[in-house]
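So the structure is just underneath, and the comments pick up after that.
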Amino acid sequence: MITEEIYKKYGEMGIDKKVLDFSMATEMNLKDRFAEIDQIAEYNQLKIIKAMQDNRLSDIHFAATTGYGYNDIGRDTLEQVYADVFNAEDALVRPQLMSGTHALAVALAGNLRPGDEILSPVGKPYDTLEGVIGITPSNGSLAEYGVTYKQVDLLPGGEFDWEGIRNAINPKTKLATIQRSKGYDSRPTLSVKSIGELIKFIKGIRPDIICMVDNCYGEFVETIEPTDVGADLCVGSLIKNPGGGLAPTGGYIVGRSKYVENASYRLSAPGLGKEVGATLGLNAPLFQGFFMAPTVVASAVKSAVFAANLYERLGYDVLPKGNDDRYDIIQAITLNSPEAVIAFCQGIQAAAPVDSYVTPEPWPMPGYTCDVIMAAGAFVQGSSIELSADAPIKPPYTVFFQGGLTWYHGKFGILMTLQKMYEKGLTDLDQ
């Protein structure tokens, strides 16, 4: 039961009783779903604990290194823990990897040479990767170094175009990049099982093609990862799922040893590779964030499921649907107008522990082709595992919501989005 004290506290936080009543009715129907999410988190938690125990993690591994970072046993142990959890041969886990896009760029540049071709069998990659590849002309892109690009769009229902993929593979094809999450697209997020089927198909045509998965937003949403089903490389950001909200920066690249090693030469310098890279005292939060990640991801998934069911009940199109299986932490909600998108994002910002007084507005953000609004009052700048929402200001006016270090904060954020829309007369609660 929701106590009178909780209602009073939400009222003090700016939530109207009508908004709260409507939302709580939705939450009451999600108990079984939330229990399933908790079981996935429990499994992944045990997987991480085992890897840390097997690698004899100790407080000595939290010590700082400076300068070149030679003999950083904490860094090396962290990378072995990642490799074990992802069932991979090797890992590169570094604060010097500044973002998911940077980690992907390092993995691509380290494993491609002039004359090679990238194939995306799942359609257009995320906007910020367009400059890396050279789809959008950019200084230093792979295209400028003679790497070509080909893509095969998904079929209208979101299925793989098997024949199109077969026809696109040619002697130049060196690497297939598979984006797990939807990005700013309307396609479904890919399950690990479906990624495995795609990799098996590609390898059946050309076993030497490197299959790389952009795993951003997907870690620990399921009990297996792409490296469990044949991915040669799996790449992500530490300020998303695997950092657990505690990693202040960083990215990871896990997979087959030779491909991880190639990436390390691009991150540092040819001939140096993984041997250099001081961790500057960051090992402890990177270990602890990884330890916390399954629980934090479960909170984010619960928040996404709650948002989907709430807004679906209000008549909005949502992806995934309220009852759909989840393969990442992102919830897309089509709000049909720029005013509703802005109100939603302003609600997320108003619910933040940091910068709650700030009012986000659309602006021409670098790397994007239209104005974008972003809401995130985060402890770590740009941390997508913390409660956040963003949207391109263009039809059909879809907002992308993700994160929540705790379920209770995620819930409050969604309540505040509905509050802002209700105040502005943009949605009807009488249904």
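Naming scheme: A, B, ... for chains in displayed order of the structure tokens; residues 1 onward per chain; ligands 1 onward as shown.
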Can you pull out every residue within 12 Å of A:Asp32, counting only C-alpha atoms, but drop anything in the same chain fewer than 5 positions away, and send it as a short mmCIF file (atom, residue, chain, number, x, y, z; two decimals) with N, CA and C atoms, in the first residue's frame?
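Okay, this is what ended up in out.cif:
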```cif
data_model
loop_
_atom_site.label_atom_id
_atom_site.label_comp_id
_atom_site.auth_asym_id
_atom_site.auth_seq_id
_atom_site.Cartn_x
_atom_site.Cartn_y
_atom_site.Cartn_z
N GLU A 27 1.96 1.00 -11.84
CA GLU A 27 3.02 0.28 -11.13
C GLU A 27 2.52 -1.01 -10.48
N ILE A 37 13.08 -9.16 -13.70
CA ILE A 37 14.25 -8.28 -13.88
C ILE A 37 15.25 -8.50 -12.74
N ASP A 38 14.73 -8.65 -11.52
CA ASP A 38 15.61 -8.88 -10.37
C ASP A 38 16.35 -10.21 -10.48
N GLN A 39 15.73 -11.22 -11.07
CA GLN A 39 16.41 -12.51 -11.22
C GLN A 39 17.58 -12.41 -12.19
N LYS A 302 13.68 -1.42 -14.96
CA LYS A 302 12.38 -1.21 -14.31
C LYS A 302 11.81 0.15 -14.67
N VAL A 305 10.48 0.00 -18.21
CA VAL A 305 9.23 -0.77 -18.29
C VAL A 305 8.07 0.06 -17.74
N ASN A 323 4.74 -4.73 -22.75
CA ASN A 323 4.90 -6.15 -22.41
C ASN A 323 6.04 -6.83 -23.15
#
```
Which residues, written as a VMD selection string, have at least one atom at most 9 Å from stretch 411-419 of chain A, with only C-alpha atoms counted and residues fewer than 3 positions away on the same chain left out? chain A and resid 10 14 to 16 19 to 20 23 302 to 303 306 to 307 310 to 311 343 to 352 387 to 388 404 406 to 408 422 to 424 427
Could the residues in this selection be saved with N, CA and C atoms as an mmCIF file, in the first residue's frame?
```cif
data_model
loop_
_atom_site.group_PDB
_atom_site.id
_atom_site.type_symbol
_atom_site.label_atom_id
_atom_site.label_comp_id
_atom_site.auth_asym_id
_atom_site.auth_seq_id
_atom_site.Cartn_x
_atom_site.Cartn_y
_atom_site.Cartn_z
ATOM 1 N N TYR A 10 5.527 13.069 -2.105
ATOM 2 C CA TYR A 10 5.473 13.339 -3.547
ATOM 3 C C TYR A 10 4.809 14.690 -3.810
ATOM 4 N N GLY A 14 6.269 18.181 -5.832
ATOM 5 C CA GLY A 14 5.645 18.786 -7.003
ATOM 6 C C GLY A 14 4.770 17.870 -7.830
ATOM 7 N N ILE A 15 4.453 16.695 -7.315
ATOM 8 C CA ILE A 15 3.627 15.748 -8.067
ATOM 9 C C ILE A 15 2.174 15.864 -7.622
ATOM 10 N N ASP A 16 1.296 16.162 -8.550
ATOM 11 C CA ASP A 16 -0.137 16.283 -8.299
ATOM 12 C C ASP A 16 -0.725 14.912 -7.949
ATOM 13 N N VAL A 19 -1.845 12.841 -10.908
ATOM 14 C CA VAL A 19 -0.724 12.211 -11.609
ATOM 15 C C VAL A 19 -0.265 10.972 -10.841
ATOM 16 N N LEU A 20 -0.179 11.104 -9.526
ATOM 17 C CA LEU A 20 0.294 10.004 -8.696
ATOM 18 C C LEU A 20 -0.673 8.823 -8.731
ATOM 19 N N SER A 23 -0.368 6.985 -12.028
ATOM 20 C CA SER A 23 0.901 6.272 -12.161
ATOM 21 C C SER A 23 0.980 5.053 -11.258
ATOM 22 N N LYS A 302 13.682 -1.419 -14.959
ATOM 23 C CA LYS A 302 12.379 -1.211 -14.311
ATOM 24 C C LYS A 302 11.806 0.152 -14.671
ATOM 25 N N SER A 303 12.653 1.173 -14.655
ATOM 26 C CA SER A 303 12.200 2.527 -14.998
ATOM 27 C C SER A 303 11.677 2.569 -16.426
ATOM 28 N N PHE A 306 8.302 0.743 -16.644
ATOM 29 C CA PHE A 306 7.272 1.598 -16.049
ATOM 30 C C PHE A 306 6.869 2.711 -17.015
ATOM 31 N N ALA A 307 7.860 3.360 -17.620
ATOM 32 C CA ALA A 307 7.574 4.440 -18.573
ATOM 33 C C ALA A 307 6.769 3.925 -19.759
ATOM 34 N N LEU A 310 3.166 3.163 -18.671
ATOM 35 C CA LEU A 310 2.441 4.382 -18.314
ATOM 36 C C LEU A 310 2.022 5.155 -19.561
ATOM 37 N N TYR A 311 2.976 5.376 -20.453
ATOM 38 C CA TYR A 311 2.672 6.186 -21.629
ATOM 39 C C TYR A 311 1.864 5.417 -22.674
ATOM 40 N N ALA A 343 8.580 19.308 -22.802
ATOM 41 C CA ALA A 343 8.009 19.173 -21.460
ATOM 42 C C ALA A 343 8.507 17.900 -20.785
ATOM 43 N N PHE A 344 8.567 16.801 -21.533
ATOM 44 C CA PHE A 344 9.052 15.534 -20.994
ATOM 45 C C PHE A 344 10.486 15.693 -20.490
ATOM 46 N N CYS A 345 11.353 16.244 -21.319
ATOM 47 C CA CYS A 345 12.756 16.402 -20.937
ATOM 48 C C CYS A 345 12.909 17.360 -19.760
ATOM 49 N N GLN A 346 12.095 18.386 -19.723
ATOM 50 C CA GLN A 346 12.163 19.307 -18.590
ATOM 51 C C GLN A 346 11.709 18.631 -17.297
ATOM 52 N N GLY A 347 10.803 17.654 -17.416
ATOM 53 C CA GLY A 347 10.409 16.883 -16.245
ATOM 54 C C GLY A 347 11.550 16.020 -15.725
ATOM 55 N N ILE A 348 12.280 15.392 -16.627
ATOM 56 C CA ILE A 348 13.442 14.588 -16.229
ATOM 57 C C ILE A 348 14.466 15.467 -15.521
ATOM 58 N N GLN A 349 14.709 16.649 -16.078
ATOM 59 C CA GLN A 349 15.694 17.548 -15.461
ATOM 60 C C GLN A 349 15.232 18.001 -14.075
ATOM 61 N N ALA A 350 13.958 18.287 -13.950
ATOM 62 C CA ALA A 350 13.426 18.753 -12.666
ATOM 63 C C ALA A 350 13.496 17.680 -11.587
ATOM 64 N N ALA A 351 13.586 16.423 -12.000
ATOM 65 C CA ALA A 351 13.651 15.321 -11.037
ATOM 66 C C ALA A 351 15.083 14.968 -10.645
ATOM 67 N N ALA A 352 16.064 15.641 -11.236
ATOM 68 C CA ALA A 352 17.463 15.268 -11.037
ATOM 69 C C ALA A 352 17.985 15.715 -9.675
ATOM 70 N N LEU A 387 19.655 8.872 -14.697
ATOM 71 C CA LEU A 387 18.380 9.265 -15.283
ATOM 72 C C LEU A 387 18.577 10.369 -16.317
ATOM 73 N N SER A 388 18.157 10.118 -17.534
ATOM 74 C CA SER A 388 18.349 11.103 -18.595
ATOM 75 C C SER A 388 17.336 10.872 -19.705
ATOM 76 N N GLY A 404 18.654 5.574 -14.512
ATOM 77 C CA GLY A 404 18.089 5.567 -13.177
ATOM 78 C C GLY A 404 18.952 4.708 -12.282
ATOM 79 N N THR A 406 18.738 4.254 -9.224
ATOM 80 C CA THR A 406 17.826 3.493 -8.377
ATOM 81 C C THR A 406 16.440 3.508 -9.023
ATOM 82 N N TRP A 407 15.662 2.483 -8.757
ATOM 83 C CA TRP A 407 14.307 2.427 -9.288
ATOM 84 C C TRP A 407 13.477 3.602 -8.776
ATOM 85 N N TYR A 408 13.680 3.985 -7.540
ATOM 86 C CA TYR A 408 12.857 5.050 -6.971
ATOM 87 C C TYR A 408 13.129 6.389 -7.648
ATOM 88 N N TYR A 422 1.121 17.303 -17.969
ATOM 89 C CA TYR A 422 -0.216 17.549 -17.432
ATOM 90 C C TYR A 422 -0.422 19.038 -17.149
ATOM 91 N N GLU A 423 0.585 19.677 -16.564
ATOM 92 C CA GLU A 423 0.502 21.110 -16.259
ATOM 93 C C GLU A 423 0.311 21.951 -17.517
ATOM 94 N N LYS A 424 0.939 21.509 -18.621
ATOM 95 C CA LYS A 424 0.882 22.268 -19.872
ATOM 96 C C LYS A 424 -0.300 21.862 -20.744
ATOM 97 N N THR A 427 -1.444 16.330 -22.111
ATOM 98 C CA THR A 427 -1.913 14.941 -22.019
ATOM 99 C C THR A 427 -3.156 14.893 -21.142
#
```
Return as a list in words the full set of residues in stretch 10-190 of chain A whose backbone-based DSSP assignment is strand (DSSP E). Asp90, Ala91, Leu92, Val93, Arg94, Glu117, Ile118, Leu119, Ser120, Thr148, Tyr149, Lys150, Gln151, Thr173, Lys174, Leu175, Ala176, Thr177, Ile178 and Gln179 of chain A
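Surrounding stretch 203-206 of chain A within 10 Å are Ile165, Arg166, Ile169, Asn170, Pro171, Thr173, Lys174, Glu197 and Gly230 of chain A, with only C-alpha atoms counted and residues fewer than 6 positions along the same chain left out.
Each of A:Asp127, A:Val358, A:Gly315, A:Lys258 was compared to A:Pro392 using only C-alpha atoms, and A:Asp127 turns out to be the nearest.
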Pick from A:Val229, A:Met374, A:Ile133, A:Met52: nearest to A:Ile199, with only C-alpha atoms counted? A:Val229
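Proximity to A:Thr136 at 12 Å, evaluated using only C-alpha atoms and with sequence-adjacent residues fewer than 3 positions away removed, yields Lys124, Pro125, Tyr126, Asp127, Thr128, Leu129, Glu130, Gly131, Val132, Ile133, Asn139, Gly140, Ser141, Leu142, Ala143, Glu144, Tyr149, Gly367, Tyr368 and Thr369 of chain A.
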What would the file look like if the residues just selected were written as a PDB file, in the first residue's frame with N, CA and C atoms?
```
ATOM      1  N   LYS A 124      21.639   2.060 -40.526  1.00  0.00           N
ATOM      2  CA  LYS A 124      22.506   3.183 -40.193  1.00  0.00           C
ATOM      3  C   LYS A 124      22.962   3.126 -38.748  1.00  0.00           C
ATOM      4  N   PRO A 125      24.248   3.374 -38.492  1.00  0.00           N
ATOM      5  CA  PRO A 125      24.724   3.397 -37.113  1.00  0.00           C
ATOM      6  C   PRO A 125      24.307   4.679 -36.397  1.00  0.00           C
ATOM      7  N   TYR A 126      24.575   4.727 -35.111  1.00  0.00           N
ATOM      8  CA  TYR A 126      24.261   5.901 -34.294  1.00  0.00           C
ATOM      9  C   TYR A 126      24.923   7.148 -34.872  1.00  0.00           C
ATOM     10  N   ASP A 127      24.268   8.288 -34.708  1.00  0.00           N
ATOM     11  CA  ASP A 127      24.676   9.527 -35.373  1.00  0.00           C
ATOM     12  C   ASP A 127      26.151   9.867 -35.193  1.00  0.00           C
ATOM     13  N   THR A 128      26.681   9.715 -33.963  1.00  0.00           N
ATOM     14  CA  THR A 128      28.054  10.151 -33.708  1.00  0.00           C
ATOM     15  C   THR A 128      29.082   9.249 -34.385  1.00  0.00           C
ATOM     16  N   LEU A 129      28.672   8.066 -34.838  1.00  0.00           N
ATOM     17  CA  LEU A 129      29.604   7.185 -35.539  1.00  0.00           C
ATOM     18  C   LEU A 129      29.701   7.523 -37.028  1.00  0.00           C
ATOM     19  N   GLU A 130      28.781   8.338 -37.523  1.00  0.00           N
ATOM     20  CA  GLU A 130      28.806   8.687 -38.939  1.00  0.00           C
ATOM     21  C   GLU A 130      30.086   9.439 -39.304  1.00  0.00           C
ATOM     22  N   GLY A 131      30.535  10.328 -38.415  1.00  0.00           N
ATOM     23  CA  GLY A 131      31.768  11.050 -38.674  1.00  0.00           C
ATOM     24  C   GLY A 131      32.991  10.161 -38.587  1.00  0.00           C
ATOM     25  N   VAL A 132      32.963   9.187 -37.688  1.00  0.00           N
ATOM     26  CA  VAL A 132      34.075   8.247 -37.546  1.00  0.00           C
ATOM     27  C   VAL A 132      34.259   7.453 -38.831  1.00  0.00           C
ATOM     28  N   ILE A 133      33.161   6.932 -39.348  1.00  0.00           N
ATOM     29  CA  ILE A 133      33.213   6.108 -40.557  1.00  0.00           C
ATOM     30  C   ILE A 133      33.463   6.963 -41.792  1.00  0.00           C
ATOM     31  N   ASN A 139      37.073  15.332 -40.647  1.00  0.00           N
ATOM     32  CA  ASN A 139      38.528  15.231 -40.642  1.00  0.00           C
ATOM     33  C   ASN A 139      38.976  13.977 -39.897  1.00  0.00           C
ATOM     34  N   GLY A 140      39.828  13.198 -40.519  1.00  0.00           N
ATOM     35  CA  GLY A 140      40.379  12.013 -39.884  1.00  0.00           C
ATOM     36  C   GLY A 140      39.478  10.798 -39.922  1.00  0.00           C
ATOM     37  N   SER A 141      38.394  10.836 -40.686  1.00  0.00           N
ATOM     38  CA  SER A 141      37.481   9.696 -40.752  1.00  0.00           C
ATOM     39  C   SER A 141      38.163   8.499 -41.398  1.00  0.00           C
ATOM     40  N   LEU A 142      37.580   7.336 -41.194  1.00  0.00           N
ATOM     41  CA  LEU A 142      38.104   6.131 -41.827  1.00  0.00           C
ATOM     42  C   LEU A 142      38.047   6.235 -43.341  1.00  0.00           C
ATOM     43  N   ALA A 143      37.054   6.940 -43.858  1.00  0.00           N
ATOM     44  CA  ALA A 143      36.947   7.128 -45.308  1.00  0.00           C
ATOM     45  C   ALA A 143      38.167   7.853 -45.858  1.00  0.00           C
ATOM     46  N   GLU A 144      38.703   8.816 -45.096  1.00  0.00           N
ATOM     47  CA  GLU A 144      39.896   9.535 -45.554  1.00  0.00           C
ATOM     48  C   GLU A 144      41.121   8.628 -45.623  1.00  0.00           C
ATOM     49  N   TYR A 149      32.523   1.845 -46.841  1.00  0.00           N
ATOM     50  CA  TYR A 149      31.397   1.477 -45.964  1.00  0.00           C
ATOM     51  C   TYR A 149      30.207   1.048 -46.803  1.00  0.00           C
ATOM     52  N   GLY A 367      27.696  16.853 -33.953  1.00  0.00           N
ATOM     53  CA  GLY A 367      27.546  15.441 -34.270  1.00  0.00           C
ATOM     54  C   GLY A 367      26.135  15.045 -34.653  1.00  0.00           C
ATOM     55  N   TYR A 368      25.191  15.996 -34.577  1.00  0.00           N
ATOM     56  CA  TYR A 368      23.799  15.704 -34.907  1.00  0.00           C
ATOM     57  C   TYR A 368      23.329  16.600 -36.044  1.00  0.00           C
ATOM     58  N   THR A 369      22.318  16.135 -36.782  1.00  0.00           N
ATOM     59  CA  THR A 369      21.874  16.831 -37.984  1.00  0.00           C
ATOM     60  C   THR A 369      20.685  17.747 -37.748  1.00  0.00           C
TER      61      THR A 369
END
```
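All residues of protein, DNA or RNA that reach within 10 Å of A:Tyr82, judged by only C-alpha atoms and not counting those fewer than 3 positions away in the chain, are A:Ile48, A:Ala51, A:Met52, A:Thr77, A:Leu78, A:Glu79, A:Val85, A:Phe86, A:Asn87, A:Ala88, A:Glu89, A:Asp90, A:Ala91, A:Leu92, A:Val93, A:Pro242, A:Tyr252, A:Ile253, A:Val254, A:Gly255, A:Phe287, A:Phe290.
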How would the residues just picked look written out with C-alpha atoms as a PDB file, in the first residue's frame?
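Final output, saved to part.pdb:
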```
ATOM      1  CA  ILE A  48      30.778 -10.639 -11.543  1.00  0.00           C
ATOM      2  CA  ALA A  51      35.233 -13.223 -11.753  1.00  0.00           C
ATOM      3  CA  MET A  52      36.519 -10.946  -8.991  1.00  0.00           C
ATOM      4  CA  THR A  77      43.309  -7.372 -13.144  1.00  0.00           C
ATOM      5  CA  LEU A  78      40.333  -5.198 -14.068  1.00  0.00           C
ATOM      6  CA  GLU A  79      40.791  -6.174 -17.701  1.00  0.00           C
ATOM      7  CA  VAL A  85      32.597 -11.809 -17.235  1.00  0.00           C
ATOM      8  CA  PHE A  86      32.209 -11.364 -20.993  1.00  0.00           C
ATOM      9  CA  ASN A  87      33.581 -14.857 -21.695  1.00  0.00           C
ATOM     10  CA  ALA A  88      36.274 -13.282 -23.885  1.00  0.00           C
ATOM     11  CA  GLU A  89      39.996 -13.856 -24.452  1.00  0.00           C
ATOM     12  CA  ASP A  90      41.114 -10.342 -23.586  1.00  0.00           C
ATOM     13  CA  ALA A  91      39.899  -6.868 -22.676  1.00  0.00           C
ATOM     14  CA  LEU A  92      40.958  -3.240 -22.903  1.00  0.00           C
ATOM     15  CA  VAL A  93      39.302  -1.245 -20.091  1.00  0.00           C
ATOM     16  CA  PRO A 242      28.966  -1.416 -16.884  1.00  0.00           C
ATOM     17  CA  TYR A 252      35.893  -1.067 -22.791  1.00  0.00           C
ATOM     18  CA  ILE A 253      36.752  -3.332 -25.706  1.00  0.00           C
ATOM     19  CA  VAL A 254      36.530  -7.085 -25.105  1.00  0.00           C
ATOM     20  CA  GLY A 255      36.896 -10.042 -27.425  1.00  0.00           C
ATOM     21  CA  PHE A 287      35.899  -2.093 -10.023  1.00  0.00           C
ATOM     22  CA  PHE A 290      31.300  -2.911 -12.368  1.00  0.00           C
TER      23      PHE A 290
END
```
Could you pull the residues within 12 Å of stretch 53-59 of chain A, counting only C-alpha atoms, minus those fewer than 6 positions along the same chain, as JSON, numbers by chain? {"A": [46, 47, 73, 74, 75, 76, 77, 78, 79, 80, 81, 82, 83, 84, 85, 281, 283, 284, 287, 288, 291]}
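Atom pair atom CA of A:Lys193 / atom CA of A:Gly100 has a distance of 22.4 Å (rounded to one decimal).
Between atom CA of A:Ser337 and atom CA of A:Leu190 lies a distance of 27.6 Å.
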Those of stretch 78-285 of chain A in DSSP alpha helix (DSSP H), formatted as a VMD selection string: chain A and resid 78 to 85 100 to 111 127 to 133 162 to 168 192 to 205 257 to 267 283 to 285
Saved selection, atoms kept: C-alpha atoms, as a PDB file, in the first residue's frame:
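After the write, out.pdb holds the following:
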```pdb
ATOM      1  CA  LEU A  78      40.333  -5.198 -14.068  1.00  0.00           C
ATOM      2  CA  GLU A  79      40.791  -6.174 -17.701  1.00  0.00           C
ATOM      3  CA  GLN A  80      40.954  -9.857 -16.816  1.00  0.00           C
ATOM      4  CA  VAL A  81      37.769  -9.524 -14.742  1.00  0.00           C
ATOM      5  CA  TYR A  82      36.014  -7.945 -17.745  1.00  0.00           C
ATOM      6  CA  ALA A  83      37.323 -10.687 -20.035  1.00  0.00           C
ATOM      7  CA  ASP A  84      36.044 -13.380 -17.684  1.00  0.00           C
ATOM      8  CA  VAL A  85      32.597 -11.809 -17.235  1.00  0.00           C
ATOM      9  CA  GLY A 100      31.444   4.709 -26.404  1.00  0.00           C
ATOM     10  CA  THR A 101      32.025   6.455 -29.721  1.00  0.00           C
ATOM     11  CA  HIS A 102      35.738   6.756 -28.933  1.00  0.00           C
ATOM     12  CA  ALA A 103      35.969   3.075 -27.985  1.00  0.00           C
ATOM     13  CA  LEU A 104      34.258   2.116 -31.245  1.00  0.00           C
ATOM     14  CA  ALA A 105      36.556   4.405 -33.230  1.00  0.00           C
ATOM     15  CA  VAL A 106      39.621   2.822 -31.590  1.00  0.00           C
ATOM     16  CA  ALA A 107      38.359  -0.712 -32.280  1.00  0.00           C
ATOM     17  CA  LEU A 108      37.583   0.129 -35.903  1.00  0.00           C
ATOM     18  CA  ALA A 109      40.791   2.013 -36.652  1.00  0.00           C
ATOM     19  CA  GLY A 110      42.904  -0.619 -34.930  1.00  0.00           C
ATOM     20  CA  ASN A 111      41.515  -3.455 -37.035  1.00  0.00           C
ATOM     21  CA  ASP A 127      24.676   9.527 -35.373  1.00  0.00           C
ATOM     22  CA  THR A 128      28.054  10.151 -33.708  1.00  0.00           C
ATOM     23  CA  LEU A 129      29.604   7.185 -35.539  1.00  0.00           C
ATOM     24  CA  GLU A 130      28.806   8.687 -38.939  1.00  0.00           C
ATOM     25  CA  GLY A 131      31.768  11.050 -38.674  1.00  0.00           C
ATOM     26  CA  VAL A 132      34.075   8.247 -37.546  1.00  0.00           C
ATOM     27  CA  ILE A 133      33.213   6.108 -40.557  1.00  0.00           C
ATOM     28  CA  TRP A 162      19.489 -12.136 -45.094  1.00  0.00           C
ATOM     29  CA  GLU A 163      19.726 -12.024 -48.890  1.00  0.00           C
ATOM     30  CA  GLY A 164      20.769  -8.390 -48.870  1.00  0.00           C
ATOM     31  CA  ILE A 165      23.527  -9.163 -46.363  1.00  0.00           C
ATOM     32  CA  ARG A 166      24.751 -12.095 -48.455  1.00  0.00           C
ATOM     33  CA  ASN A 167      24.902  -9.901 -51.558  1.00  0.00           C
ATOM     34  CA  ALA A 168      26.698  -7.077 -49.717  1.00  0.00           C
ATOM     35  CA  VAL A 192      21.818 -11.326 -27.867  1.00  0.00           C
ATOM     36  CA  LYS A 193      20.245 -14.431 -29.402  1.00  0.00           C
ATOM     37  CA  SER A 194      19.438 -12.616 -32.647  1.00  0.00           C
ATOM     38  CA  ILE A 195      22.936 -11.111 -32.727  1.00  0.00           C
ATOM     39  CA  GLY A 196      24.313 -14.654 -32.452  1.00  0.00           C
ATOM     40  CA  GLU A 197      22.177 -15.766 -35.384  1.00  0.00           C
ATOM     41  CA  LEU A 198      23.434 -12.841 -37.470  1.00  0.00           C
ATOM     42  CA  ILE A 199      27.074 -13.561 -36.600  1.00  0.00           C
ATOM     43  CA  LYS A 200      26.638 -17.244 -37.456  1.00  0.00           C
ATOM     44  CA  PHE A 201      25.172 -16.274 -40.840  1.00  0.00           C
ATOM     45  CA  ILE A 202      28.017 -13.865 -41.642  1.00  0.00           C
ATOM     46  CA  LYS A 203      30.688 -16.329 -40.512  1.00  0.00           C
ATOM     47  CA  GLY A 204      29.023 -19.008 -42.633  1.00  0.00           C
ATOM     48  CA  ILE A 205      29.729 -16.881 -45.692  1.00  0.00           C
ATOM     49  CA  SER A 257      43.054 -11.318 -28.170  1.00  0.00           C
ATOM     50  CA  LYS A 258      44.437 -10.289 -31.554  1.00  0.00           C
ATOM     51  CA  TYR A 259      41.646  -7.811 -32.203  1.00  0.00           C
ATOM     52  CA  VAL A 260      41.830  -6.316 -28.710  1.00  0.00           C
ATOM     53  CA  GLU A 261      45.606  -6.013 -29.115  1.00  0.00           C
ATOM     54  CA  ASN A 262      45.167  -4.245 -32.460  1.00  0.00           C
ATOM     55  CA  ALA A 263      42.816  -1.778 -30.775  1.00  0.00           C
ATOM     56  CA  SER A 264      45.349  -1.155 -28.004  1.00  0.00           C
ATOM     57  CA  TYR A 265      47.967  -0.097 -30.565  1.00  0.00           C
ATOM     58  CA  ARG A 266      45.537   2.511 -31.854  1.00  0.00           C
ATOM     59  CA  LEU A 267      44.681   3.722 -28.354  1.00  0.00           C
ATOM     60  CA  ASN A 283      40.757   1.535 -10.450  1.00  0.00           C
ATOM     61  CA  ALA A 284      38.619   1.443  -7.291  1.00  0.00           C
ATOM     62  CA  PRO A 285      35.534   3.190  -8.776  1.00  0.00           C
TER      63      PRO A 285
END
```
